[in-house]
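Chemist: As input, take final_31.pdb (PDB, C-alpha atoms, pLDDT in the B column):
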```pdb
ATOM      1  CA  MET A 212       0.000   0.000   0.000  1.00 40.00           C
ATOM      2  CA  GLU A 213       1.251   3.433  -0.893  1.00 50.00           C
ATOM      3  CA  PRO A 214       0.791   6.467   1.385  1.00 48.00           C
ATOM      4  CA  GLY A 215      -2.485   8.193   0.671  1.00 61.00           C
ATOM      5  CA  THR A 216      -4.219   5.129  -0.744  1.00 88.00           C
ATOM      6  CA  ILE A 217      -7.750   4.350   0.340  1.00 91.00           C
ATOM      7  CA  GLU A 218      -6.448   1.342   2.297  1.00 89.00           C
ATOM      8  CA  ASN A 219      -4.076   3.540   4.310  1.00 90.00           C
ATOM      9  CA  GLN A 220      -6.734   6.215   4.868  1.00 91.00           C
ATOM     10  CA  VAL A 221      -9.146   3.581   6.193  1.00 92.00           C
ATOM     11  CA  LEU A 222      -6.524   2.066   8.518  1.00 91.00           C
ATOM     12  CA  GLU A 223      -5.614   5.536   9.810  1.00 91.00           C
ATOM     13  CA  ALA A 224      -9.280   6.307  10.539  1.00 89.00           C
ATOM     14  CA  LEU A 225      -9.740   2.953  12.284  1.00 92.00           C
ATOM     15  CA  GLY A 226      -6.548   3.488  14.281  1.00 91.00           C
ATOM     16  CA  ARG A 227      -7.873   6.765  15.736  1.00 88.00           C
ATOM     17  CA  SER A 228     -10.585   4.846  17.577  1.00 87.00           C
ATOM     18  CA  LYS A 229     -10.021   3.025  20.847  1.00 87.00           C
ATOM     19  CA  LEU A 230     -12.565   0.408  19.744  1.00 87.00           C
ATOM     20  CA  LEU A 231     -11.506  -2.956  18.340  1.00 90.00           C
ATOM     21  CA  TYR A 232     -11.838  -3.898  14.692  1.00 95.00           C
ATOM     22  CA  GLU A 233     -10.781  -6.700  12.379  1.00 96.00           C
ATOM     23  CA  VAL A 234      -9.879  -6.547   8.683  1.00 96.00           C
ATOM     24  CA  ILE A 235     -11.185  -9.636   6.877  1.00 97.00           C
ATOM     25  CA  ALA A 236      -9.559 -10.490   3.540  1.00 96.00           C
ATOM     26  CA  CYS A 237     -11.937 -11.612   0.805  1.00 96.00           C
ATOM     27  CA  ASP A 238     -11.941 -12.545  -2.844  1.00 97.00           C
ATOM     28  CA  PRO A 239     -13.037  -9.450  -4.823  1.00 95.00           C
ATOM     29  CA  ALA A 240     -15.521 -11.679  -6.677  1.00 96.00           C
ATOM     30  CA  PHE A 241     -17.391 -11.999  -3.345  1.00 96.00           C
ATOM     31  CA  ALA A 242     -17.205  -8.320  -2.301  1.00 94.00           C
ATOM     32  CA  ASP A 243     -20.911  -7.605  -2.738  1.00 94.00           C
ATOM     33  CA  THR A 244     -22.553  -7.967   0.671  1.00 94.00           C
ATOM     34  CA  ALA A 245     -24.890 -10.907   0.029  1.00 94.00           C
ATOM     35  CA  GLN A 246     -22.157 -12.868  -1.760  1.00 96.00           C
ATOM     36  CA  PHE A 247     -19.617 -12.079   0.968  1.00 97.00           C
ATOM     37  CA  CYS A 248     -21.987 -13.232   3.713  1.00 97.00           C
ATOM     38  CA  ALA A 249     -22.855 -16.448   1.893  1.00 97.00           C
ATOM     39  CA  GLU A 250     -19.227 -17.276   1.063  1.00 97.00           C
ATOM     40  CA  TYR A 251     -17.674 -16.422   4.435  1.00 97.00           C
ATOM     41  CA  GLY A 252     -20.515 -17.354   6.816  1.00 97.00           C
ATOM     42  CA  TYR A 253     -21.605 -13.940   8.140  1.00 97.00           C
ATOM     43  CA  ALA A 254     -25.239 -13.004   8.742  1.00 97.00           C
ATOM     44  CA  LEU A 255     -26.780 -10.334   6.509  1.00 95.00           C
ATOM     45  CA  GLU A 256     -28.414  -8.951   9.672  1.00 96.00           C
ATOM     46  CA  LYS A 257     -24.905  -8.146  10.981  1.00 97.00           C
ATOM     47  CA  SER A 258     -23.736  -6.544   7.730  1.00 97.00           C
ATOM     48  CA  ALA A 259     -24.217  -2.997   6.535  1.00 96.00           C
ATOM     49  CA  ASN A 260     -23.895  -1.207   3.224  1.00 96.00           C
ATOM     50  CA  THR A 261     -22.531   2.281   2.741  1.00 96.00           C
ATOM     51  CA  ILE A 262     -24.627   3.742  -0.062  1.00 95.00           C
ATOM     52  CA  VAL A 263     -23.737   7.015  -1.743  1.00 96.00           C
ATOM     53  CA  VAL A 264     -26.636   9.191  -2.889  1.00 96.00           C
ATOM     54  CA  ALA A 265     -26.536  12.251  -5.153  1.00 95.00           C
ATOM     55  CA  SER A 266     -28.894  15.194  -5.427  1.00 94.00           C
ATOM     56  CA  LYS A 267     -30.474  15.972  -8.790  1.00 90.00           C
ATOM     57  CA  ARG A 268     -32.118  19.248  -7.694  1.00 84.00           C
ATOM     58  CA  PRO A 269     -29.981  21.035  -6.783  1.00 86.00           C
ATOM     59  CA  PRO A 270     -27.249  18.969  -8.463  1.00 87.00           C
ATOM     60  CA  GLY A 271     -23.907  18.093  -6.942  1.00 89.00           C
ATOM     61  CA  GLN A 272     -24.694  17.316  -3.302  1.00 92.00           C
ATOM     62  CA  PHE A 273     -23.646  13.862  -2.039  1.00 96.00           C
ATOM     63  CA  ALA A 274     -24.153  11.895   1.163  1.00 95.00           C
ATOM     64  CA  ALA A 275     -23.236   8.416   2.357  1.00 95.00           C
ATOM     65  CA  CYS A 276     -25.870   6.342   4.150  1.00 95.00           C
ATOM     66  CA  VAL A 277     -25.083   3.298   6.291  1.00 95.00           C
ATOM     67  CA  VAL A 278     -27.940   0.801   6.540  1.00 94.00           C
ATOM     68  CA  LEU A 279     -28.205  -2.882   7.347  1.00 94.00           C
ATOM     69  CA  ALA A 280     -27.879  -5.177   4.354  1.00 94.00           C
ATOM     70  CA  THR A 281     -31.458  -6.326   5.031  1.00 94.00           C
ATOM     71  CA  THR A 282     -32.773  -2.745   4.816  1.00 90.00           C
ATOM     72  CA  ARG A 283     -34.130  -0.741   1.896  1.00 90.00           C
ATOM     73  CA  LEU A 284     -32.827   2.817   2.053  1.00 91.00           C
ATOM     74  CA  ASP A 285     -35.617   5.414   1.821  1.00 90.00           C
ATOM     75  CA  VAL A 286     -33.879   7.777  -0.595  1.00 91.00           C
ATOM     76  CA  ASN A 287     -36.994   9.575  -1.849  1.00 88.00           C
ATOM     77  CA  ARG A 288     -38.377  10.585   1.533  1.00 88.00           C
ATOM     78  CA  LYS A 289     -36.196  10.229   4.602  1.00 88.00           C
ATOM     79  CA  VAL A 290     -32.752  10.880   3.128  1.00 91.00           C
ATOM     80  CA  ARG A 291     -34.050  13.603   0.801  1.00 91.00           C
ATOM     81  CA  ASP A 292     -35.693  15.378   3.746  1.00 89.00           C
ATOM     82  CA  VAL A 293     -32.561  15.122   5.928  1.00 88.00           C
ATOM     83  CA  LEU A 294     -30.445  16.634   3.147  1.00 90.00           C
ATOM     84  CA  GLY A 295     -33.034  19.281   2.292  1.00 91.00           C
ATOM     85  CA  VAL A 296     -32.958  18.687  -1.456  1.00 93.00           C
ATOM     86  CA  ARG A 297     -35.848  18.414  -3.893  1.00 92.00           C
ATOM     87  CA  LYS A 298     -34.695  15.354  -5.840  1.00 93.00           C
ATOM     88  CA  LEU A 299     -32.257  12.624  -4.822  1.00 93.00           C
ATOM     89  CA  SER A 300     -31.155   9.280  -6.239  1.00 93.00           C
ATOM     90  CA  PHE A 301     -28.523   6.607  -5.786  1.00 94.00           C
ATOM     91  CA  ALA A 302     -25.152   7.798  -7.085  1.00 96.00           C
ATOM     92  CA  SER A 303     -23.898   5.887 -10.120  1.00 95.00           C
ATOM     93  CA  ALA A 304     -20.870   3.613  -9.762  1.00 95.00           C
ATOM     94  CA  GLU A 305     -18.838   6.221 -11.654  1.00 95.00           C
ATOM     95  CA  ALA A 306     -19.983   9.107  -9.431  1.00 96.00           C
ATOM     96  CA  THR A 307     -19.361   7.012  -6.313  1.00 95.00           C
ATOM     97  CA  ARG A 308     -15.813   6.271  -7.476  1.00 94.00           C
ATOM     98  CA  GLU A 309     -15.233   9.913  -8.406  1.00 95.00           C
ATOM     99  CA  VAL A 310     -16.342  11.414  -5.070  1.00 95.00           C
ATOM    100  CA  THR A 311     -15.087   8.678  -2.705  1.00 94.00           C
ATOM    101  CA  GLY A 312     -12.214   6.993  -4.554  1.00 93.00           C
ATOM    102  CA  MET A 313     -13.942   3.664  -3.821  1.00 94.00           C
ATOM    103  CA  MET A 314     -15.656   1.039  -5.939  1.00 91.00           C
ATOM    104  CA  ILE A 315     -19.162  -0.294  -5.321  1.00 90.00           C
ATOM    105  CA  GLY A 316     -18.811  -3.354  -3.089  1.00 90.00           C
ATOM    106  CA  GLY A 317     -16.052  -1.730  -1.059  1.00 93.00           C
ATOM    107  CA  VAL A 318     -17.416   1.690  -0.059  1.00 96.00           C
ATOM    108  CA  THR A 319     -16.685   2.403   3.589  1.00 96.00           C
ATOM    109  CA  PRO A 320     -17.577   5.276   5.890  1.00 95.00           C
ATOM    110  CA  PHE A 321     -14.027   5.313   7.314  1.00 93.00           C
ATOM    111  CA  ALA A 322     -12.266   7.262   4.538  1.00 90.00           C
ATOM    112  CA  LEU A 323     -14.970   9.483   3.114  1.00 93.00           C
ATOM    113  CA  PRO A 324     -14.091  13.039   2.123  1.00 92.00           C
ATOM    114  CA  SER A 325     -15.094  15.527   4.834  1.00 90.00           C
ATOM    115  CA  SER A 326     -17.498  17.181   2.374  1.00 91.00           C
ATOM    116  CA  ILE A 327     -19.751  14.101   2.361  1.00 94.00           C
ATOM    117  CA  PRO A 328     -22.163  13.844   5.296  1.00 93.00           C
ATOM    118  CA  LEU A 329     -22.527  10.384   6.824  1.00 95.00           C
ATOM    119  CA  LEU A 330     -26.066   9.321   7.742  1.00 94.00           C
ATOM    120  CA  ILE A 331     -26.282   6.208   9.920  1.00 94.00           C
ATOM    121  CA  ASP A 332     -29.423   4.163  10.421  1.00 92.00           C
ATOM    122  CA  ASP A 333     -30.210   3.583  14.095  1.00 91.00           C
ATOM    123  CA  ARG A 334     -30.447  -0.211  13.652  1.00 92.00           C
ATOM    124  CA  VAL A 335     -26.790  -0.335  12.598  1.00 94.00           C
ATOM    125  CA  VAL A 336     -25.655   1.451  15.759  1.00 92.00           C
ATOM    126  CA  ALA A 337     -27.741  -0.903  17.911  1.00 92.00           C
ATOM    127  CA  LEU A 338     -25.585  -3.909  16.935  1.00 95.00           C
ATOM    128  CA  ASP A 339     -22.619  -5.095  18.984  1.00 95.00           C
ATOM    129  CA  TRP A 340     -20.556  -5.522  15.772  1.00 96.00           C
ATOM    130  CA  VAL A 341     -21.117  -5.045  12.062  1.00 97.00           C
ATOM    131  CA  ILE A 342     -19.438  -5.991   8.779  1.00 97.00           C
ATOM    132  CA  LEU A 343     -18.658  -2.929   6.611  1.00 97.00           C
ATOM    133  CA  GLY A 344     -16.782  -2.216   3.419  1.00 96.00           C
ATOM    134  CA  SER A 345     -13.071  -1.497   3.710  1.00 96.00           C
ATOM    135  CA  GLY A 346     -12.581   0.920   0.824  1.00 94.00           C
ATOM    136  CA  THR A 347     -11.607  -1.885  -1.558  1.00 94.00           C
ATOM    137  CA  ARG A 348     -13.268  -5.013  -2.888  1.00 94.00           C
ATOM    138  CA  SER A 349     -10.547  -7.244  -1.397  1.00 95.00           C
ATOM    139  CA  SER A 350     -11.511  -6.978   2.283  1.00 96.00           C
ATOM    140  CA  LYS A 351     -14.239  -6.099   4.782  1.00 97.00           C
ATOM    141  CA  ILE A 352     -14.120  -4.627   8.264  1.00 97.00           C
ATOM    142  CA  LYS A 353     -15.712  -6.162  11.347  1.00 97.00           C
ATOM    143  CA  ALA A 354     -16.082  -3.414  13.928  1.00 95.00           C
ATOM    144  CA  SER A 355     -18.193  -1.882  16.612  1.00 94.00           C
ATOM    145  CA  PRO A 356     -20.747   0.396  14.931  1.00 92.00           C
ATOM    146  CA  ARG A 357     -19.981   2.971  17.631  1.00 90.00           C
ATOM    147  CA  MET A 358     -16.853   3.711  15.581  1.00 92.00           C
ATOM    148  CA  LEU A 359     -19.139   5.273  12.984  1.00 92.00           C
ATOM    149  CA  LEU A 360     -20.402   7.826  15.487  1.00 90.00           C
ATOM    150  CA  GLU A 361     -16.808   8.915  16.177  1.00 89.00           C
ATOM    151  CA  LEU A 362     -16.294   9.973  12.553  1.00 90.00           C
ATOM    152  CA  PRO A 363     -16.289  13.752  12.071  1.00 87.00           C
ATOM    153  CA  MET A 364     -18.757  13.674   9.173  1.00 87.00           C
ATOM    154  CA  ALA A 365     -21.332  11.536  11.041  1.00 89.00           C
ATOM    155  CA  ARG A 366     -24.280  13.934  11.130  1.00 75.00           C
ATOM    156  CA  ARG A 367     -27.236  11.907  12.231  1.00 61.00           C
ATOM    157  CA  ARG A 368     -28.346   8.712  13.843  1.00 62.00           C
ATOM    158  CA  LEU A 369     -31.864   8.097  12.605  1.00 70.00           C
ATOM    159  CA  SER A 370     -34.158   5.756  10.770  1.00 78.00           C
ATOM    160  CA  LEU A 371     -33.204   5.754   7.086  1.00 80.00           C
ATOM    161  CA  ARG A 372     -35.139   2.662   6.204  1.00 73.00           C
ATOM    162  CA  ARG A 373     -38.168   2.409   4.036  1.00 72.00           C
ATOM    163  CA  ALA A 374     -41.333   1.363   5.848  1.00 61.00           C
ATOM    164  CA  PRO A 375     -42.502  -2.088   4.776  1.00 57.00           C
ATOM    165  CA  LYS A 376     -45.528  -2.140   2.554  1.00 53.00           C
ATOM    166  CA  ARG A 377     -48.646  -3.024   4.501  1.00 46.00           C
ATOM    167  CA  LEU A 378     -50.442  -6.011   3.108  1.00 42.00           C
ATOM    168  CA  LEU A 379     -54.214  -5.914   3.059  1.00 42.00           C
ATOM    169  CA  LEU A 380     -55.490  -9.115   4.573  1.00 44.00           C
ATOM    170  CA  CYS A 381     -58.985 -10.521   4.486  1.00 42.00           C
ATOM    171  CA  GLY A 382     -61.361  -7.990   6.020  1.00 45.00           C
ATOM    172  CA  ASP A 383     -58.750  -5.185   5.994  1.00 46.00           C
ATOM    173  CA  SER A 384     -59.976  -3.619   2.788  1.00 42.00           C
ATOM    174  CA  PRO A 385     -61.751  -0.262   3.015  1.00 44.00           C
ATOM    175  CA  GLU A 386     -64.972  -2.023   2.005  1.00 44.00           C
ATOM    176  CA  LYS A 387     -64.575  -4.617   4.796  1.00 41.00           C
ATOM    177  CA  THR A 388     -65.953  -7.311   2.543  1.00 39.00           C
ATOM    178  CA  THR A 389     -66.529 -10.757   3.958  1.00 42.00           C
ATOM    179  CA  SER A 390     -65.787 -12.559   0.732  1.00 41.00           C
ATOM    180  CA  CYS A 391     -62.144 -12.930  -0.225  1.00 39.00           C
ATOM    181  CA  SER A 392     -60.501 -14.497  -3.231  1.00 39.00           C
ATOM    182  CA  CYS A 393     -57.599 -15.820  -1.152  1.00 38.00           C
ATOM    183  CA  ILE A 394     -59.868 -18.300   0.698  1.00 35.00           C
ATOM    184  CA  ASP A 395     -61.194 -21.369  -1.037  1.00 34.00           C
ATOM    185  CA  ALA A 396     -64.812 -21.572   0.142  1.00 35.00           C
ATOM    186  CA  SER A 397     -65.356 -25.073  -1.243  1.00 32.00           C
TER     187      SER A 397
END
```
As structure tokens - that is how I would like this structure written.
Modeler:
Amino acid sequence: MEPGTIENQVLEALGRSKLLYEVIACDPAFADTAQFCAEYGYALEKSANTIVVASKRPPGQFAACVVLATTRLDVNRKVRDVLGVRKLSFASAEATREVTGMMIGGVTPFALPSSIPLLIDDRVVALDWVILGSGTRSSKIKASPRMLLELPMARRRLSLRRAPKRLLLCGDSPEKTTSCSCIDAS
């Protein structure tokens, strides 16, 4: 590793914390969270993704959001409202690489530029440990999520997840009908 590389920046950020962490080497072919968990035996519920979002109106504003791998990020409501922009979407792989220096599958909150706010979902912080990207596709970091709150760009600890869709069950429809096509009356 050369000075100034993402790997060194991540290790420097981790080293500033008094909390323990572990760097886990992985095959870059298994860097995407679900593949990593399946290949190396980690639970998705203990893994988090760092997702970069970009504003469309006004253009040019970025943020990184840390959510559990089992969570759908609510970009169009919760994150948009926190950032105070009119239109927001997931940053492209190219934009993510340009603003963070990291590839999708390896994005980490530990070496983000100071201009990028870090939004952390409350369920991530509630864990005793979490698997995160390391800045590259060749390793992951197992660490206390409290390390995220020590980062200078960590702005919020809130719910960033999308509410699950409510299923209408028999009798829950506005008409409160007693007949339902999901029950075989024969």
Chemist: Step by step, work through what the PyMOL selection byres ((chain A and resi 281-292) around 9) selects in the shown file, and finish by giving those residues as a PyMOL selection string.
Modeler: chain A and resi 255-256+258-259+262+264+266+274+276-280+293-301+330+370-375
Chemist: Quote the spacing between atom CA of A:Tyr232 and atom CA of A:Val336 in Å to one decimal place.
Modeler: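 According to the coordinates, atom CA of A:Tyr232 and atom CA of A:Val336 are separated by 14.9 Å.
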Chemist: From the options A:Val335, A:Ala322, A:Ala354, A:Leu329, which residue's atoms come nearest to A:Val221, counting all atoms listed in the file?
Modeler: A:Ala322
Chemist: Just how far from atom CA of A:Ile217 is atom CA of A:Ala242, in Å to one decimal?
Modeler: 16.0 Å
Chemist: I'd like the interatomic distance between atom CA of A:Leu222 and atom CA of A:Asp238, to a tenth of an Å.
Modeler: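 Computing it gives 19.3 Å between the two atoms.
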Chemist: Measuring atom to atom with all atoms listed in the file, identify which of A:Val234, A:Ala254, A:Pro270, A:Val263 is nearest to A:Ser350.
Modeler: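 Looking at the shortest contact to A:Ser350, the residue is A:Val234.
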Chemist: Starting from 4 Å padding per side, set up an axis-aligned box that covers all listed atoms of stretch 289-307 of chain A and hand over centre and edge lengths in Å, one decimal, as AutoDock Vina command-line options.
Modeler:
```
--center_x -27.5 --center_y 11.4 --center_z -2.9 --size_x 25.4 --size_y 23.7 --size_z 25.6
```
Chemist: Save stretch 250-269 of chain A of the structure in the block above to a file, with N, CA, C and O atoms included, as an mmCIF file, in the first residue's frame.
Modeler:
```
data_model
loop_
_atom_site.group_PDB
_atom_site.id
_atom_site.type_symbol
_atom_site.label_atom_id
_atom_site.label_comp_id
_atom_site.auth_asym_id
_atom_site.auth_seq_id
_atom_site.Cartn_x
_atom_site.Cartn_y
_atom_site.Cartn_z
ATOM 1 N N GLU A 250 -20.525 -16.605 1.247
ATOM 2 C CA GLU A 250 -19.227 -17.276 1.063
ATOM 3 C C GLU A 250 -18.449 -17.429 2.363
ATOM 4 O O GLU A 250 -17.792 -18.440 2.589
ATOM 5 N N TYR A 251 -18.518 -16.424 3.241
ATOM 6 C CA TYR A 251 -17.674 -16.422 4.435
ATOM 7 C C TYR A 251 -18.438 -16.674 5.734
ATOM 8 O O TYR A 251 -17.857 -16.608 6.815
ATOM 9 N N GLY A 252 -19.751 -16.941 5.650
ATOM 10 C CA GLY A 252 -20.515 -17.354 6.816
ATOM 11 C C GLY A 252 -20.924 -16.257 7.781
ATOM 12 O O GLY A 252 -21.093 -16.512 8.968
ATOM 13 N N TYR A 253 -21.118 -15.038 7.298
ATOM 14 C CA TYR A 253 -21.605 -13.940 8.140
ATOM 15 C C TYR A 253 -23.086 -13.705 7.868
ATOM 16 O O TYR A 253 -23.566 -13.923 6.756
ATOM 17 N N ALA A 254 -23.808 -13.263 8.878
ATOM 18 C CA ALA A 254 -25.239 -13.004 8.742
ATOM 19 C C ALA A 254 -25.471 -11.649 8.070
ATOM 20 O O ALA A 254 -24.806 -10.663 8.412
ATOM 21 N N LEU A 255 -26.411 -11.609 7.140
ATOM 22 C CA LEU A 255 -26.780 -10.334 6.509
ATOM 23 C C LEU A 255 -27.249 -9.329 7.554
ATOM 24 O O LEU A 255 -27.029 -8.128 7.404
ATOM 25 N N GLU A 256 -27.895 -9.820 8.613
ATOM 26 C CA GLU A 256 -28.414 -8.951 9.672
ATOM 27 C C GLU A 256 -27.307 -8.254 10.448
ATOM 28 O O GLU A 256 -27.559 -7.313 11.190
ATOM 29 N N LYS A 257 -26.062 -8.739 10.307
ATOM 30 C CA LYS A 257 -24.905 -8.146 10.981
ATOM 31 C C LYS A 257 -23.994 -7.434 9.982
ATOM 32 O O LYS A 257 -22.856 -7.118 10.286
ATOM 33 N N SER A 258 -24.508 -7.197 8.786
ATOM 34 C CA SER A 258 -23.736 -6.544 7.730
ATOM 35 C C SER A 258 -24.436 -5.266 7.314
ATOM 36 O O SER A 258 -25.660 -5.186 7.319
ATOM 37 N N ALA A 259 -23.642 -4.274 6.950
ATOM 38 C CA ALA A 259 -24.217 -2.997 6.535
ATOM 39 C C ALA A 259 -23.598 -2.550 5.215
ATOM 40 O O ALA A 259 -22.454 -2.891 4.912
ATOM 41 N N ASN A 260 -24.369 -1.797 4.471
ATOM 42 C CA ASN A 260 -23.895 -1.207 3.224
ATOM 43 C C ASN A 260 -23.748 0.292 3.405
ATOM 44 O O ASN A 260 -24.569 0.927 4.063
ATOM 45 N N THR A 261 -22.709 0.834 2.807
ATOM 46 C CA THR A 261 -22.531 2.281 2.741
ATOM 47 C C THR A 261 -22.920 2.687 1.332
ATOM 48 O O THR A 261 -22.245 2.327 0.370
ATOM 49 N N ILE A 262 -24.037 3.394 1.234
ATOM 50 C CA ILE A 262 -24.627 3.742 -0.062
ATOM 51 C C ILE A 262 -24.491 5.239 -0.280
ATOM 52 O O ILE A 262 -24.922 6.037 0.549
ATOM 53 N N VAL A 263 -23.909 5.605 -1.413
ATOM 54 C CA VAL A 263 -23.737 7.015 -1.743
ATOM 55 C C VAL A 263 -24.941 7.466 -2.563
ATOM 56 O O VAL A 263 -25.359 6.787 -3.510
ATOM 57 N N VAL A 264 -25.505 8.601 -2.168
ATOM 58 C CA VAL A 264 -26.636 9.191 -2.889
ATOM 59 C C VAL A 264 -26.203 10.554 -3.434
ATOM 60 O O VAL A 264 -25.285 11.188 -2.898
ATOM 61 N N ALA A 265 -26.883 10.978 -4.502
ATOM 62 C CA ALA A 265 -26.536 12.251 -5.153
ATOM 63 C C ALA A 265 -27.803 13.044 -5.426
ATOM 64 O O ALA A 265 -28.817 12.493 -5.857
ATOM 65 N N SER A 266 -27.740 14.340 -5.165
ATOM 66 C CA SER A 266 -28.894 15.194 -5.427
ATOM 67 C C SER A 266 -28.983 15.491 -6.922
ATOM 68 O O SER A 266 -27.976 15.622 -7.599
ATOM 69 N N LYS A 267 -30.210 15.572 -7.401
ATOM 70 C CA LYS A 267 -30.474 15.972 -8.790
ATOM 71 C C LYS A 267 -30.891 17.437 -8.831
ATOM 72 O O LYS A 267 -30.576 18.153 -9.753
ATOM 73 N N ARG A 268 -31.683 17.848 -7.836
ATOM 74 C CA ARG A 268 -32.118 19.248 -7.694
ATOM 75 C C ARG A 268 -31.954 19.657 -6.248
ATOM 76 O O ARG A 268 -32.688 19.143 -5.396
ATOM 77 N N PRO A 269 -31.046 20.500 -5.928
ATOM 78 C CA PRO A 269 -29.981 21.035 -6.783
ATOM 79 C C PRO A 269 -28.930 19.952 -7.022
ATOM 80 O O PRO A 269 -28.719 19.082 -6.171
#
```
